[in-house]
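The next block is coords.cif, given as mmCIF, C-alpha atoms.
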```
data_coords
loop_
_atom_site.label_atom_id
_atom_site.label_comp_id
_atom_site.auth_asym_id
_atom_site.auth_seq_id
_atom_site.Cartn_x
_atom_site.Cartn_y
_atom_site.Cartn_z
CA MET A 1 19.19 0.42 5.33
CA GLY A 2 21.47 -1.45 3.04
CA VAL A 3 20.33 -0.07 -0.29
CA VAL A 4 23.20 -0.40 -2.71
CA MET A 5 23.36 2.72 -4.81
CA PRO A 6 25.73 3.06 -7.75
CA ARG A 7 28.05 6.03 -7.69
CA GLU A 8 26.59 7.49 -10.86
CA LEU A 9 22.85 7.33 -10.45
CA SER A 10 21.22 6.27 -13.71
CA VAL A 11 17.60 7.13 -14.42
CA LYS A 12 17.51 4.26 -16.91
CA THR A 13 18.57 1.63 -14.35
CA ILE A 14 16.06 2.78 -11.75
CA VAL A 15 13.25 2.82 -14.32
CA ILE A 16 14.04 -0.63 -15.73
CA GLN A 17 14.38 -2.30 -12.31
CA GLY A 18 11.41 -0.44 -10.88
CA LEU A 19 9.12 -1.04 -13.84
CA ALA A 20 9.68 -4.79 -13.85
CA ILE A 21 8.46 -5.20 -10.28
CA LEU A 22 5.74 -2.53 -10.66
CA LEU A 23 4.17 -4.17 -13.73
CA LEU A 24 3.99 -7.48 -11.88
CA CYS A 25 2.43 -5.66 -8.92
CA ALA A 26 -0.07 -3.90 -11.20
CA ILE A 27 -1.39 -7.24 -12.45
CA ILE A 28 -1.80 -8.57 -8.89
CA GLU A 29 -3.56 -5.33 -7.82
CA ILE A 30 -6.05 -5.72 -10.67
CA PHE A 31 -6.98 -9.14 -9.26
CA ALA A 32 -7.41 -7.55 -5.82
CA GLY A 33 -9.67 -4.94 -7.42
CA ASN A 34 -11.69 -7.69 -9.03
CA VAL A 35 -12.33 -9.25 -5.60
CA LEU A 36 -13.45 -5.86 -4.24
CA GLU A 37 -15.84 -5.37 -7.16
CA ARG A 38 -17.39 -8.77 -6.52
CA MET A 39 -18.13 -7.64 -2.96
CA LYS A 40 -20.35 -4.75 -3.99
CA GLU A 41 -23.50 -6.50 -2.73
CA GLN A 42 -22.01 -7.04 0.73
CA LEU A 43 -20.64 -3.51 0.82
CA ALA A 44 -23.83 -1.76 -0.20
CA VAL A 45 -26.56 -3.93 1.27
CA THR A 46 -25.62 -6.50 3.91
CA LEU A 47 -22.65 -4.82 5.59
CA PRO A 48 -22.84 -1.03 5.35
CA GLY A 49 -19.78 0.58 6.87
CA LEU A 50 -17.44 -2.29 5.92
CA ILE A 51 -16.04 -0.22 3.05
CA LEU A 52 -14.66 2.23 5.65
CA ALA A 53 -12.38 -0.47 7.00
CA ILE A 54 -11.05 -1.67 3.63
CA PRO A 55 -8.46 1.05 2.80
CA PRO A 56 -7.01 1.00 6.35
CA LEU A 57 -6.87 -2.83 6.41
CA LEU A 58 -5.08 -2.93 3.04
CA ASP A 59 -2.73 -0.17 4.17
CA LEU A 60 -2.02 -1.97 7.46
CA ARG A 61 -0.94 -5.14 5.65
CA GLY A 62 1.55 -3.18 3.55
CA ASN A 63 2.85 -1.28 6.57
CA ILE A 64 3.35 -4.27 8.87
CA ASN A 65 4.90 -6.50 6.24
CA GLY A 66 6.84 -3.64 4.67
CA ALA A 67 8.42 -2.98 8.08
CA LEU A 68 9.01 -6.72 8.63
CA ALA A 69 10.59 -6.99 5.18
CA SER A 70 12.70 -3.90 5.84
CA ARG A 71 13.93 -5.26 9.20
CA LEU A 72 14.67 -8.65 7.67
CA GLY A 73 16.55 -6.96 4.81
CA THR A 74 18.70 -5.06 7.28
CA ALA A 75 19.17 -8.14 9.48
CA LEU A 76 20.27 -10.26 6.52
CA HIS A 77 22.68 -7.55 5.33
CA THR A 78 24.21 -7.17 8.79
CA GLY A 79 24.34 -10.92 9.42
CA VAL A 80 21.99 -10.86 12.44
CA ILE A 81 19.78 -13.39 10.65
CA GLU A 82 21.37 -16.09 8.57
CA PRO A 83 19.89 -16.80 5.15
CA LYS A 84 18.47 -20.23 5.93
CA LEU A 85 14.96 -21.37 6.65
CA SER A 86 15.21 -22.27 10.34
CA MET A 87 13.74 -20.59 13.41
CA SER A 88 16.34 -18.50 15.18
CA ALA A 89 15.44 -16.38 18.21
CA GLU A 90 15.79 -13.15 16.19
CA LEU A 91 13.56 -14.42 13.42
CA LYS A 92 10.97 -15.56 15.97
CA VAL A 93 10.78 -12.11 17.62
CA ASN A 94 10.25 -10.50 14.21
CA ILE A 95 7.48 -12.89 13.20
CA ILE A 96 5.67 -12.87 16.55
CA SER A 97 5.76 -9.09 16.79
CA SER A 98 4.25 -8.73 13.32
CA ILE A 99 1.42 -11.13 14.22
CA ILE A 100 0.69 -9.34 17.53
CA LEU A 101 0.72 -6.00 15.67
CA SER A 102 -1.72 -7.43 13.10
CA PHE A 103 -4.13 -8.37 15.88
CA LEU A 104 -3.83 -5.08 17.82
CA ALA A 105 -4.03 -2.84 14.77
CA SER A 106 -6.89 -4.78 13.07
CA THR A 107 -8.91 -4.55 16.28
CA THR A 108 -8.18 -0.80 16.42
CA ILE A 109 -9.25 -0.40 12.78
CA GLY A 110 -12.49 -2.27 13.51
CA ILE A 111 -13.27 -0.01 16.48
CA LEU A 112 -12.26 3.17 14.62
CA SER A 113 -14.43 2.26 11.60
CA ILE A 114 -17.44 1.63 13.82
CA GLY A 115 -16.83 4.92 15.64
CA VAL A 116 -16.38 6.93 12.46
CA GLY A 117 -19.36 5.16 10.88
CA ALA A 118 -21.54 6.12 13.85
CA LEU A 119 -20.19 9.67 13.81
CA PHE A 120 -21.00 10.14 10.12
CA GLY A 121 -24.38 8.50 10.50
CA ILE A 122 -23.94 5.41 8.35
CA GLN A 123 -27.22 3.51 8.65
CA SER A 124 -27.69 0.09 10.27
CA ILE A 125 -24.03 -0.57 10.89
CA ASN A 126 -23.35 -4.17 12.01
CA VAL A 127 -20.98 -3.45 14.92
CA LEU A 128 -19.94 -6.99 15.85
CA GLY A 129 -19.85 -8.11 12.22
CA ILE A 130 -17.42 -5.41 11.17
CA LEU A 131 -15.21 -5.91 14.22
CA ALA A 132 -15.13 -9.67 13.60
CA ILE A 133 -14.34 -9.25 9.89
CA ALA A 134 -11.54 -6.76 10.62
CA ILE A 135 -9.92 -9.05 13.21
CA ILE A 136 -10.33 -12.34 11.28
CA ALA A 137 -9.13 -10.84 8.00
CA GLY A 138 -6.27 -8.93 9.68
CA VAL A 139 -4.92 -11.87 11.66
CA VAL A 140 -5.39 -14.59 9.01
CA SER A 141 -3.75 -12.54 6.27
CA GLY A 142 -1.11 -11.40 8.79
CA ILE A 143 -0.01 -14.96 9.58
CA ILE A 144 0.11 -16.05 5.93
CA LEU A 145 1.90 -12.86 4.89
CA ALA A 146 4.51 -13.07 7.67
CA ALA A 147 5.45 -16.55 6.47
CA ILE A 148 5.64 -15.45 2.83
CA THR A 149 7.69 -12.36 3.76
CA VAL A 150 10.30 -14.46 5.58
CA VAL A 151 10.61 -16.92 2.69
CA VAL A 152 10.79 -14.19 0.02
CA SER A 153 13.39 -12.17 1.97
CA ILE A 154 15.63 -15.17 2.52
CA VAL A 155 15.27 -16.49 -1.03
CA ALA A 156 15.86 -12.99 -2.49
CA TYR A 157 19.01 -12.60 -0.37
CA PHE A 158 20.18 -16.06 -1.35
CA ARG A 159 19.76 -15.26 -5.02
CA GLY A 160 21.76 -12.07 -4.66
CA TRP A 161 18.88 -9.61 -5.04
CA ASP A 162 18.74 -6.76 -2.57
CA PRO A 163 15.77 -7.67 -0.32
CA ASP A 164 15.25 -3.95 0.36
CA ASN A 165 14.29 -3.36 -3.28
CA VAL A 166 12.26 -6.48 -3.91
CA THR A 167 10.45 -7.60 -0.79
CA ALA A 168 8.62 -4.47 0.36
CA PRO A 169 6.77 -3.63 -2.92
CA LEU A 170 6.05 -7.28 -3.62
CA MET A 171 4.73 -7.90 -0.09
CA ALA A 172 2.54 -4.78 -0.13
CA THR A 173 0.94 -6.02 -3.33
CA VAL A 174 0.55 -9.69 -2.46
CA GLY A 175 -0.74 -8.39 0.88
CA ASP A 176 -3.49 -6.39 -0.85
CA LEU A 177 -4.70 -9.45 -2.74
CA LEU A 178 -4.55 -11.78 0.29
CA THR A 179 -6.25 -9.21 2.52
CA MET A 180 -9.08 -8.70 0.00
CA VAL A 181 -9.62 -12.46 -0.22
CA SER A 182 -9.54 -12.74 3.60
CA ILE A 183 -12.06 -9.90 4.00
CA PHE A 184 -14.27 -11.54 1.37
CA LEU A 185 -14.15 -14.95 3.12
CA ALA A 186 -14.56 -13.42 6.60
CA ALA A 187 -17.60 -11.49 5.36
CA PHE A 188 -19.14 -14.76 4.18
CA LEU A 189 -18.42 -16.42 7.53
CA VAL A 190 -19.90 -13.59 9.55
CA VAL A 191 -23.02 -12.78 7.57
CA MET B 1 21.94 -9.59 23.97
CA ALA B 2 19.12 -9.99 21.55
CA VAL B 3 19.09 -7.43 18.74
CA TYR B 4 15.32 -7.28 18.36
CA SER B 5 13.02 -6.67 21.29
CA LEU B 6 9.35 -7.59 20.99
CA ARG B 7 8.37 -4.73 23.25
CA ARG B 8 10.36 -2.16 21.26
CA ILE B 9 9.00 -3.24 17.87
CA LEU B 10 5.42 -3.14 19.20
CA TRP B 11 5.93 0.13 21.07
CA GLU B 12 7.45 1.98 18.10
CA SER B 13 5.14 0.56 15.43
CA TYR B 14 1.69 0.67 17.00
CA PRO B 15 1.31 4.50 17.20
CA VAL B 16 2.40 4.90 13.55
CA LEU B 17 -0.01 2.14 12.48
CA VAL B 18 -2.93 3.77 14.30
CA LEU B 19 -2.12 7.19 12.82
CA CYS B 20 -2.02 5.60 9.34
CA ALA B 21 -5.26 3.70 9.95
CA ALA B 22 -6.94 6.98 10.89
CA ILE B 23 -5.67 8.68 7.69
CA SER B 24 -6.67 5.71 5.50
CA LEU B 25 -10.09 5.68 7.10
CA SER B 26 -10.73 9.02 5.37
CA ALA B 27 -10.25 7.20 2.07
CA GLY B 28 -12.92 4.75 3.26
CA LEU B 29 -15.20 7.68 4.12
CA VAL B 30 -14.77 9.13 0.62
CA LEU B 31 -15.76 5.74 -0.85
CA ASP B 32 -18.72 5.36 1.48
CA SER B 33 -20.02 8.83 0.65
CA GLN B 34 -19.98 7.88 -3.05
CA MET B 35 -21.87 4.60 -2.66
CA GLY B 36 -24.52 5.88 -5.10
CA SER B 37 -22.00 6.37 -7.92
CA ILE B 38 -20.33 3.07 -7.06
CA LYS B 39 -23.60 1.16 -7.33
CA ALA B 40 -24.21 2.78 -10.70
CA PHE B 41 -20.65 2.10 -11.87
CA PRO B 42 -19.14 -0.81 -9.87
CA LEU B 43 -15.93 -0.80 -11.92
CA ILE B 44 -14.85 2.09 -9.63
CA LEU B 45 -14.33 -0.51 -6.90
CA ALA B 46 -12.16 -2.66 -9.14
CA MET B 47 -9.97 0.39 -9.78
CA VAL B 48 -9.39 1.26 -6.11
CA PRO B 49 -6.74 -1.35 -5.18
CA PRO B 50 -4.71 -0.79 -8.38
CA ILE B 51 -4.59 3.04 -8.17
CA ASN B 52 -3.82 2.97 -4.43
CA GLY B 53 -1.45 0.02 -4.58
CA ILE B 54 0.63 1.30 -7.51
CA ASN B 55 0.70 4.87 -6.20
CA ASN B 56 1.93 3.55 -2.86
CA ASN B 57 4.53 1.25 -4.42
CA VAL B 58 5.98 3.98 -6.62
CA CYS B 59 6.18 6.45 -3.74
CA SER B 60 7.58 3.79 -1.38
CA ILE B 61 10.43 3.20 -3.81
CA LEU B 62 11.04 6.97 -4.01
CA GLY B 63 10.78 7.27 -0.22
CA ALA B 64 13.26 4.43 0.37
CA ARG B 65 15.68 5.89 -2.18
CA LEU B 66 15.45 9.39 -0.70
CA ALA B 67 15.93 8.03 2.83
CA SER B 68 19.10 6.25 1.76
CA ALA B 69 20.32 9.31 -0.20
CA LEU B 70 19.72 11.61 2.79
CA HIS B 71 21.61 9.20 5.07
CA MET B 72 24.50 9.10 2.61
CA GLY B 73 24.44 12.84 2.03
CA THR B 74 23.91 12.69 -1.75
CA VAL B 75 20.63 14.61 -1.34
CA GLU B 76 20.35 17.57 0.98
CA PRO B 77 17.09 18.34 2.75
CA LYS B 78 16.28 21.51 0.80
CA LEU B 79 14.25 22.22 -2.29
CA GLY B 80 16.02 23.59 -5.31
CA LYS B 81 18.32 22.33 -8.00
CA GLN B 82 19.92 19.06 -6.96
CA ARG B 83 21.12 16.54 -9.47
CA VAL B 84 20.37 13.37 -7.50
CA LEU B 85 16.98 14.61 -6.39
CA ARG B 86 16.08 15.55 -9.96
CA LYS B 87 17.17 12.17 -11.29
CA ASN B 88 15.16 10.34 -8.64
CA THR B 89 12.06 12.41 -9.37
CA ARG B 90 12.42 11.95 -13.12
CA ALA B 91 12.87 8.18 -12.73
CA THR B 92 9.78 8.03 -10.51
CA TRP B 93 7.75 9.96 -13.09
CA LEU B 94 8.84 7.70 -15.94
CA MET B 95 8.06 4.59 -13.89
CA SER B 96 4.60 5.82 -12.98
CA ILE B 97 3.75 6.81 -16.55
CA GLY B 98 4.84 3.37 -17.73
CA VAL B 99 2.99 1.34 -15.13
CA PHE B 100 -0.18 3.46 -15.19
CA TRP B 101 -0.44 3.33 -19.00
CA PHE B 102 -0.20 -0.42 -18.74
CA THR B 103 -2.91 -0.55 -16.06
CA SER B 104 -5.15 1.90 -17.94
CA ALA B 105 -4.84 -0.27 -21.04
CA ILE B 106 -5.91 -3.35 -19.04
CA PHE B 107 -8.96 -1.48 -17.76
CA PHE B 108 -9.73 -0.48 -21.36
CA GLY B 109 -9.68 -4.19 -22.21
CA ILE B 110 -11.87 -5.11 -19.23
CA ALA B 111 -14.38 -2.38 -20.09
CA LEU B 112 -14.53 -3.47 -23.73
CA ILE B 113 -14.96 -7.16 -22.86
CA THR B 114 -17.72 -6.40 -20.35
CA GLY B 115 -19.61 -4.65 -23.13
CA MET B 116 -19.04 -0.97 -22.41
CA GLY B 117 -18.61 0.16 -26.00
CA LEU B 118 -15.47 1.51 -27.64
CA ALA B 119 -15.97 5.24 -26.97
CA ARG B 120 -16.81 4.81 -23.29
CA SER B 121 -13.99 2.30 -22.81
CA ILE B 122 -11.51 4.84 -24.19
CA MET B 123 -12.97 7.53 -21.94
CA LEU B 124 -12.63 5.21 -18.95
CA MET B 125 -9.01 4.53 -19.83
CA PHE B 126 -8.24 8.25 -19.93
CA ALA B 127 -10.16 8.91 -16.73
CA PHE B 128 -8.11 6.28 -14.89
CA PHE B 129 -4.86 7.57 -16.35
CA ALA B 130 -5.62 11.23 -15.54
CA ALA B 131 -6.68 10.35 -11.99
CA SER B 132 -3.50 8.34 -11.41
CA MET B 133 -1.26 11.12 -12.75
CA VAL B 134 -2.78 13.76 -10.44
CA ALA B 135 -2.71 11.36 -7.47
CA ILE B 136 0.92 10.40 -8.04
CA ALA B 137 2.05 14.02 -8.51
CA VAL B 138 0.60 15.07 -5.15
CA THR B 139 1.79 11.93 -3.36
CA MET B 140 5.31 12.37 -4.77
CA LEU B 141 5.47 15.93 -3.47
CA CYS B 142 4.33 14.68 -0.05
CA THR B 143 7.02 11.97 -0.16
CA ILE B 144 9.80 14.49 -0.84
CA GLY B 145 8.44 16.92 1.76
CA LEU B 146 8.04 14.24 4.45
CA ALA B 147 11.47 12.73 3.76
CA PHE B 148 13.12 16.16 4.18
CA LEU B 149 11.00 17.13 7.17
CA SER B 150 11.58 13.88 9.07
CA TYR B 151 15.32 14.04 8.35
CA VAL B 152 15.58 17.68 9.51
CA LYS B 153 13.59 16.83 12.67
CA GLY B 154 16.01 14.01 13.50
CA LEU B 155 13.59 11.14 12.77
CA ASP B 156 14.74 8.25 10.63
CA PRO B 157 12.97 8.70 7.25
CA ASP B 158 13.13 4.90 6.82
CA ASN B 159 10.68 4.46 9.68
CA VAL B 160 8.32 7.36 9.10
CA VAL B 161 8.00 8.23 5.42
CA ILE B 162 6.63 5.04 3.83
CA PRO B 163 3.77 4.32 6.27
CA ILE B 164 2.51 7.92 6.25
CA VAL B 165 2.95 8.41 2.50
CA THR B 166 1.01 5.23 1.69
CA SER B 167 -1.91 6.46 3.81
CA ILE B 168 -1.91 9.86 2.11
CA GLY B 169 -1.67 7.97 -1.20
CA ASP B 170 -4.89 6.10 -0.33
CA ILE B 171 -6.85 9.33 0.09
CA MET B 172 -5.37 10.88 -3.07
CA GLY B 173 -6.00 7.74 -5.12
CA VAL B 174 -9.62 7.31 -4.09
CA THR B 175 -10.46 11.02 -4.34
CA CYS B 176 -8.87 11.57 -7.77
CA LEU B 177 -10.42 8.34 -9.09
CA ILE B 178 -13.95 9.27 -8.03
CA ILE B 179 -13.67 12.85 -9.32
CA ALA B 180 -12.26 11.67 -12.67
CA ILE B 181 -14.89 8.96 -13.15
CA LYS B 182 -17.69 11.35 -12.23
CA LEU B 183 -16.42 14.05 -14.59
CA VAL B 184 -15.58 11.83 -17.55
CA MET B 185 -18.19 9.08 -17.29
CA GLY B 186 -20.94 11.20 -15.79
CA VAL B 187 -22.09 8.82 -13.04
#
```

As C-alpha cells, how would this structure be written, given the file I've shared?
Amino acid sequence: MGVVMPRELSVKTIVIQGLAILLLCAIIEIFAGNVLERMKEQLAVTLPGLILAIPPLLDLRGNINGALASRLGTALHTGVIEPKLSMSAELKVNIISSIILSFLASTTIGILSIGVGALFGIQSINVLGILAIAIIAGVVSGIILAAITVVVSIVAYFRGWDPDNVTAPLMATVGDLLTMVSIFLAAFLVV
Amino acid sequence: MAVYSLRRILWESYPVLVLCAAISLSAGLVLDSQMGSIKAFPLILAMVPPINGINNNVCSILGARLASALHMGTVEPKLGKQRVLRKNTRATWLMSIGVFWFTSAIFFGIALITGMGLARSIMLMFAFFAASMVAIAVTMLCTIGLAFLSYVKGLDPDNVVIPIVTSIGDIMGVTCLIIAIKLVMGV
C-alpha cells in the first residue's frame, strides 16, 4: 500500500489529519442513525428479524468499498489505472467484481440472518421479505457506492491527496448512510 | 496481461466477507435480544451507526498505519516498548476522544431538543461517551493483536485486519452501548 509516512512520525499530524475526516464522518453517521431510528416500527412490528441483517449489511458495504478503494489507491499509485474518468479494462474488472461481490454477499447475509433468526426462535420471521430487502439494498447501494468510490479515488489522487487515507474512511461512512436509506426504501417496497 | 482478475478478487474476498457477515450478525443478535429496551428508548437505534461507524473508522486508520509500518519494518510484531507503536496508539486515542466527545455532545443536543430534560440528557451524553471509550479500547487491542498475528503468520495485514476488526468493532459497539444505556438510563 502506498501510504506515505514521514520519517519522524508526529502524533500531532496524525491527529489533525485523522480528526478532520473523522468529524465529517461522525456527522454523516448521525444521519444514518436517524434513518435507523425512524425504522423502529418496521424493525419491531412488521419485519421482525430484519435488525439481524443490518449490522452485517452496513459492515459489508464498508468492506467491499474499502477494498475497492484500497485497490484503486494502489493502482493509481503504481500507474495501473490512470487518473481520468474513462472506462479502462482494469477499472471495469474492479467495478464489476465489487458489484458481483455485493450481490453474492448480500444474498448470503439474507440467508444467514434467516437461519440465525430461526435458530434463535425469532417469531414470525418474513423469510422472502428479509431476503429481498438484503439483496435489493445490497445491490442498489453497491452500484451507487462503486461509482462514488471510483470518482472520489480519482479526484483525490488528482488533487494530490493520498487516496489510501481519504477514500476508505469516507466510503465506509457514506456507505453506511446510503445502505440505511436503501434498506429503508427496500423495506417499504417489500412490505 | 491484465493486472486484476475478476476470479481472483471474488475468490479471495468472498470467504472474508462471509466470515465478517457471520461476526457482525452477532451484533444484530445482541440488538434483537434487546428489542424491549429499544422500544422503550428508541434513541439507542440512532446511536448504533455512529458508535460502530466511528469505532471502525478509527481502528481502520490504525490498522492501515500498522500494516504499512510492519511492511516497512518501523514496527516489529511484538508487544513491549516501541516508539512508533506507542505514537500510533496515542494518536488513535487522542483522535477517538476528540471525535467521540463531539458525537456525544451532538447526542446531548438531540436529547435536549427532543424534550429529555437537562439531567437525563447529560447522563445520556456520558453513557454514550463511556460506551464508546470501552468499545474503542477493546477494538484497538484487537487491531494491534490481529495486525501482528497476521503479519507473523505470513498474511498481508492490509487484506485481513480491517474487515475482521470492523466486524469485531460492531459487536463491541452494540454491546457496550446497550450495557451503558441500561446502566445509566435504567431502561

Length of the atom CA of A:Gly66 to atom CA of A:Asn34 vector [Å]:
23.4 Å

Name the residues in contact with B:Val58 at a cut-off of 8 Å, using only C-alpha atoms, excluding same-chain residues fewer than 4 positions from it; report them as an mmCIF file with C-alpha atoms, in the coordinates of the input.
```
data_model
loop_
_atom_site.group_PDB
_atom_site.id
_atom_site.type_symbol
_atom_site.label_atom_id
_atom_site.label_comp_id
_atom_site.auth_asym_id
_atom_site.auth_seq_id
_atom_site.Cartn_x
_atom_site.Cartn_y
_atom_site.Cartn_z
ATOM 1 C CA LEU A 22 5.740 -2.530 -10.660
ATOM 2 C CA ILE B 54 0.630 1.300 -7.510
ATOM 3 C CA LEU B 62 11.040 6.970 -4.010
ATOM 4 C CA THR B 92 9.780 8.030 -10.510
ATOM 5 C CA MET B 95 8.060 4.590 -13.890
ATOM 6 C CA SER B 96 4.600 5.820 -12.980
#
```

Find the residues around B:Ser37 up to 8 Å (all atoms listed in the file counted), leave out those fewer than 3 positions away in its own chain, and share them as a ChimeraX atom specification.
/B:34,40-42,182,187

Can you build me a table of chain B residues sitting at most 7 Å from chain A, with the closest atom pair per residue and its distance in Å to one decimal, using all atoms listed in the file, sorted by chain and residue number, as JSON lines?
```
{"residue": "B:Tyr4", "atom": "CA", "partner": "A:Glu90", "partner_atom": "CA", "distance": 6.3}
{"residue": "B:Ser5", "atom": "CA", "partner": "A:Val93", "partner_atom": "CA", "distance": 6.9}
{"residue": "B:Leu6", "atom": "CA", "partner": "A:Ser97", "partner_atom": "CA", "distance": 5.7}
{"residue": "B:Ile9", "atom": "CA", "partner": "A:Ser97", "partner_atom": "CA", "distance": 6.8}
{"residue": "B:Leu10", "atom": "CA", "partner": "A:Ser97", "partner_atom": "CA", "distance": 6.4}
{"residue": "B:Tyr14", "atom": "CA", "partner": "A:Leu101", "partner_atom": "CA", "distance": 6.9}
{"residue": "B:Leu17", "atom": "CA", "partner": "A:Leu60", "partner_atom": "CA", "distance": 6.8}
{"residue": "B:Val18", "atom": "CA", "partner": "A:Ala105", "partner_atom": "CA", "distance": 6.7}
{"residue": "B:Ala21", "atom": "CA", "partner": "A:Pro56", "partner_atom": "CA", "distance": 4.8}
{"residue": "B:Ser24", "atom": "CA", "partner": "A:Pro56", "partner_atom": "CA", "distance": 4.8}
{"residue": "B:Leu25", "atom": "CA", "partner": "A:Pro56", "partner_atom": "CA", "distance": 5.7}
{"residue": "B:Ala27", "atom": "CA", "partner": "A:Pro55", "partner_atom": "CA", "distance": 6.4}
{"residue": "B:Gly28", "atom": "CA", "partner": "A:Leu52", "partner_atom": "CA", "distance": 3.9}
{"residue": "B:Leu29", "atom": "CA", "partner": "A:Leu52", "partner_atom": "CA", "distance": 5.7}
{"residue": "B:Asp32", "atom": "CA", "partner": "A:Ile51", "partner_atom": "CA", "distance": 6.4}
{"residue": "B:Pro42", "atom": "CA", "partner": "A:Glu37", "partner_atom": "CA", "distance": 6.2}
{"residue": "B:Leu43", "atom": "CA", "partner": "A:Glu37", "partner_atom": "CA", "distance": 6.6}
{"residue": "B:Leu45", "atom": "CA", "partner": "A:Glu37", "partner_atom": "CA", "distance": 5.1}
{"residue": "B:Ala46", "atom": "CA", "partner": "A:Gly33", "partner_atom": "CA", "distance": 3.8}
{"residue": "B:Met47", "atom": "CA", "partner": "A:Gly33", "partner_atom": "CA", "distance": 5.8}
{"residue": "B:Val48", "atom": "CA", "partner": "A:Gly33", "partner_atom": "CA", "distance": 6.3}
{"residue": "B:Pro49", "atom": "CA", "partner": "A:Gly33", "partner_atom": "CA", "distance": 5.1}
{"residue": "B:Pro50", "atom": "CA", "partner": "A:Glu29", "partner_atom": "CA", "distance": 4.7}
{"residue": "B:Gly53", "atom": "CA", "partner": "A:Glu29", "partner_atom": "CA", "distance": 6.6}
{"residue": "B:Ile54", "atom": "CA", "partner": "A:Ala26", "partner_atom": "CA", "distance": 6.4}
{"residue": "B:Asn57", "atom": "CA", "partner": "A:Pro169", "partner_atom": "CA", "distance": 5.6}
{"residue": "B:Ser68", "atom": "CA", "partner": "A:Val3", "partner_atom": "CA", "distance": 6.8}
{"residue": "B:Lys87", "atom": "CA", "partner": "A:Val11", "partner_atom": "CA", "distance": 5.9}
{"residue": "B:Ala91", "atom": "CA", "partner": "A:Val11", "partner_atom": "CA", "distance": 5.1}
{"residue": "B:Leu94", "atom": "CA", "partner": "A:Val15", "partner_atom": "CA", "distance": 6.8}
{"residue": "B:Met95", "atom": "CA", "partner": "A:Val15", "partner_atom": "CA", "distance": 5.5}
{"residue": "B:Val99", "atom": "CA", "partner": "A:Leu23", "partner_atom": "CA", "distance": 5.8}
{"residue": "B:Thr103", "atom": "CA", "partner": "A:Ala26", "partner_atom": "CA", "distance": 6.6}
{"residue": "B:Pro163", "atom": "CA", "partner": "A:Asn63", "partner_atom": "CA", "distance": 5.7}
{"residue": "B:Ser167", "atom": "CA", "partner": "A:Asp59", "partner_atom": "CA", "distance": 6.7}
{"residue": "B:Asp170", "atom": "CA", "partner": "A:Pro55", "partner_atom": "CA", "distance": 6.9}
```

Of A:Leu185, A:Thr167, A:Tyr157, A:Thr179, the one sitting nearest A:Gly79 when using all atoms listed in the file is A:Tyr157

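Across B:Ile164, B:Leu66, B:Met123, B:Val134, the tightest approach to B:Leu19 is made by B:Ile164 when counting all atoms listed in the file.
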
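Once the PyMOL selection byres ((chain B and resi 161) around 7) is applied to the shown structure, the selection contains Gly63, Thr143, Leu146, Ala147, Pro157, Asp158, Asn159, Val160, Ile162, Pro163, Ile164 and Val165 of chain B.
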
Atoms to include: C-alpha atoms. Write the selected residues as an mmCIF file, in the frame of the given file.
```
data_model
loop_
_atom_site.group_PDB
_atom_site.id
_atom_site.type_symbol
_atom_site.label_atom_id
_atom_site.label_comp_id
_atom_site.auth_asym_id
_atom_site.auth_seq_id
_atom_site.Cartn_x
_atom_site.Cartn_y
_atom_site.Cartn_z
ATOM 1 C CA GLY B 63 10.780 7.270 -0.220
ATOM 2 C CA THR B 143 7.020 11.970 -0.160
ATOM 3 C CA LEU B 146 8.040 14.240 4.450
ATOM 4 C CA ALA B 147 11.470 12.730 3.760
ATOM 5 C CA PRO B 157 12.970 8.700 7.250
ATOM 6 C CA ASP B 158 13.130 4.900 6.820
ATOM 7 C CA ASN B 159 10.680 4.460 9.680
ATOM 8 C CA VAL B 160 8.320 7.360 9.100
ATOM 9 C CA ILE B 162 6.630 5.040 3.830
ATOM 10 C CA PRO B 163 3.770 4.320 6.270
ATOM 11 C CA ILE B 164 2.510 7.920 6.250
ATOM 12 C CA VAL B 165 2.950 8.410 2.500
#
```

Straight-line distance linking atom CA of B:Leu85 with atom CA of B:Ala69, stated in Å to one decimal:
8.8 Å

Applied to the shown file, which residues does the PyMOL selection byres ((chain A and resi 143) around 12) return, written as a ChimeraX atom specification?
/A:61,64-65,95-103,136-142,144-150,175,178-179,182

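Here atom CA of A:Ala186 stands at a distance of 5.3 Å from atom CA of A:Ile133.
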
Taking 3 positions as the minimum chain separation for residues in the same chain, which residues sit within 8 Å of B:Val30 when counting all atoms listed in the file? Answer as number ranges by chain.
B: 26-27, 33-34, 171, 174-175

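Proximity to B:Cys176 at 8 Å, evaluated using all atoms listed in the file and with sequence-adjacent residues fewer than 5 positions away removed, yields Ala131, Ser132, Val134 and Ala135 of chain B.
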
Excluding same-chain residues fewer than 4 positions from B:Gly169, what lies within 7 Å of it counting all atoms listed in the file, as a compact mmCIF listing (two decimals) with C-alpha atoms, in the coordinates of the input?
```txt
# COMPACT_ATOMS: atom_id res chain seq x y z
CA ASN B 52 -3.82 2.97 -4.43
CA ASN B 55 0.70 4.87 -6.20
CA ASN B 56 1.93 3.55 -2.86
CA THR B 139 1.79 11.93 -3.36
CA VAL B 165 2.95 8.41 2.50
CA GLY B 173 -6.00 7.74 -5.12
```

Start from the incomplete input, build N, CA and C atoms for stretch 156-161 of chain B, and deliver everything as an mmCIF file, in the frame of the given file.
```cif
data_model
loop_
_atom_site.group_PDB
_atom_site.id
_atom_site.type_symbol
_atom_site.label_atom_id
_atom_site.label_comp_id
_atom_site.auth_asym_id
_atom_site.auth_seq_id
_atom_site.Cartn_x
_atom_site.Cartn_y
_atom_site.Cartn_z
ATOM 1 N N ASP B 156 14.218 9.042 11.731
ATOM 2 C CA ASP B 156 14.740 8.250 10.630
ATOM 3 C C ASP B 156 13.691 8.160 9.527
ATOM 4 N N PRO B 157 13.969 8.746 8.331
ATOM 5 C CA PRO B 157 12.970 8.700 7.250
ATOM 6 C C PRO B 157 12.545 7.279 6.910
ATOM 7 N N ASP B 158 13.467 6.296 7.105
ATOM 8 C CA ASP B 158 13.130 4.900 6.820
ATOM 9 C C ASP B 158 11.913 4.434 7.603
ATOM 10 N N ASN B 159 11.770 4.937 8.828
ATOM 11 C CA ASN B 159 10.680 4.460 9.680
ATOM 12 C C ASN B 159 9.383 5.225 9.496
ATOM 13 N N VAL B 160 9.475 6.476 9.066
ATOM 14 C CA VAL B 160 8.320 7.360 9.100
ATOM 15 C C VAL B 160 7.670 7.528 7.728
ATOM 16 N N VAL B 161 8.513 7.728 6.700
ATOM 17 C CA VAL B 161 8.000 8.230 5.420
ATOM 18 C C VAL B 161 7.031 7.246 4.761
#
```
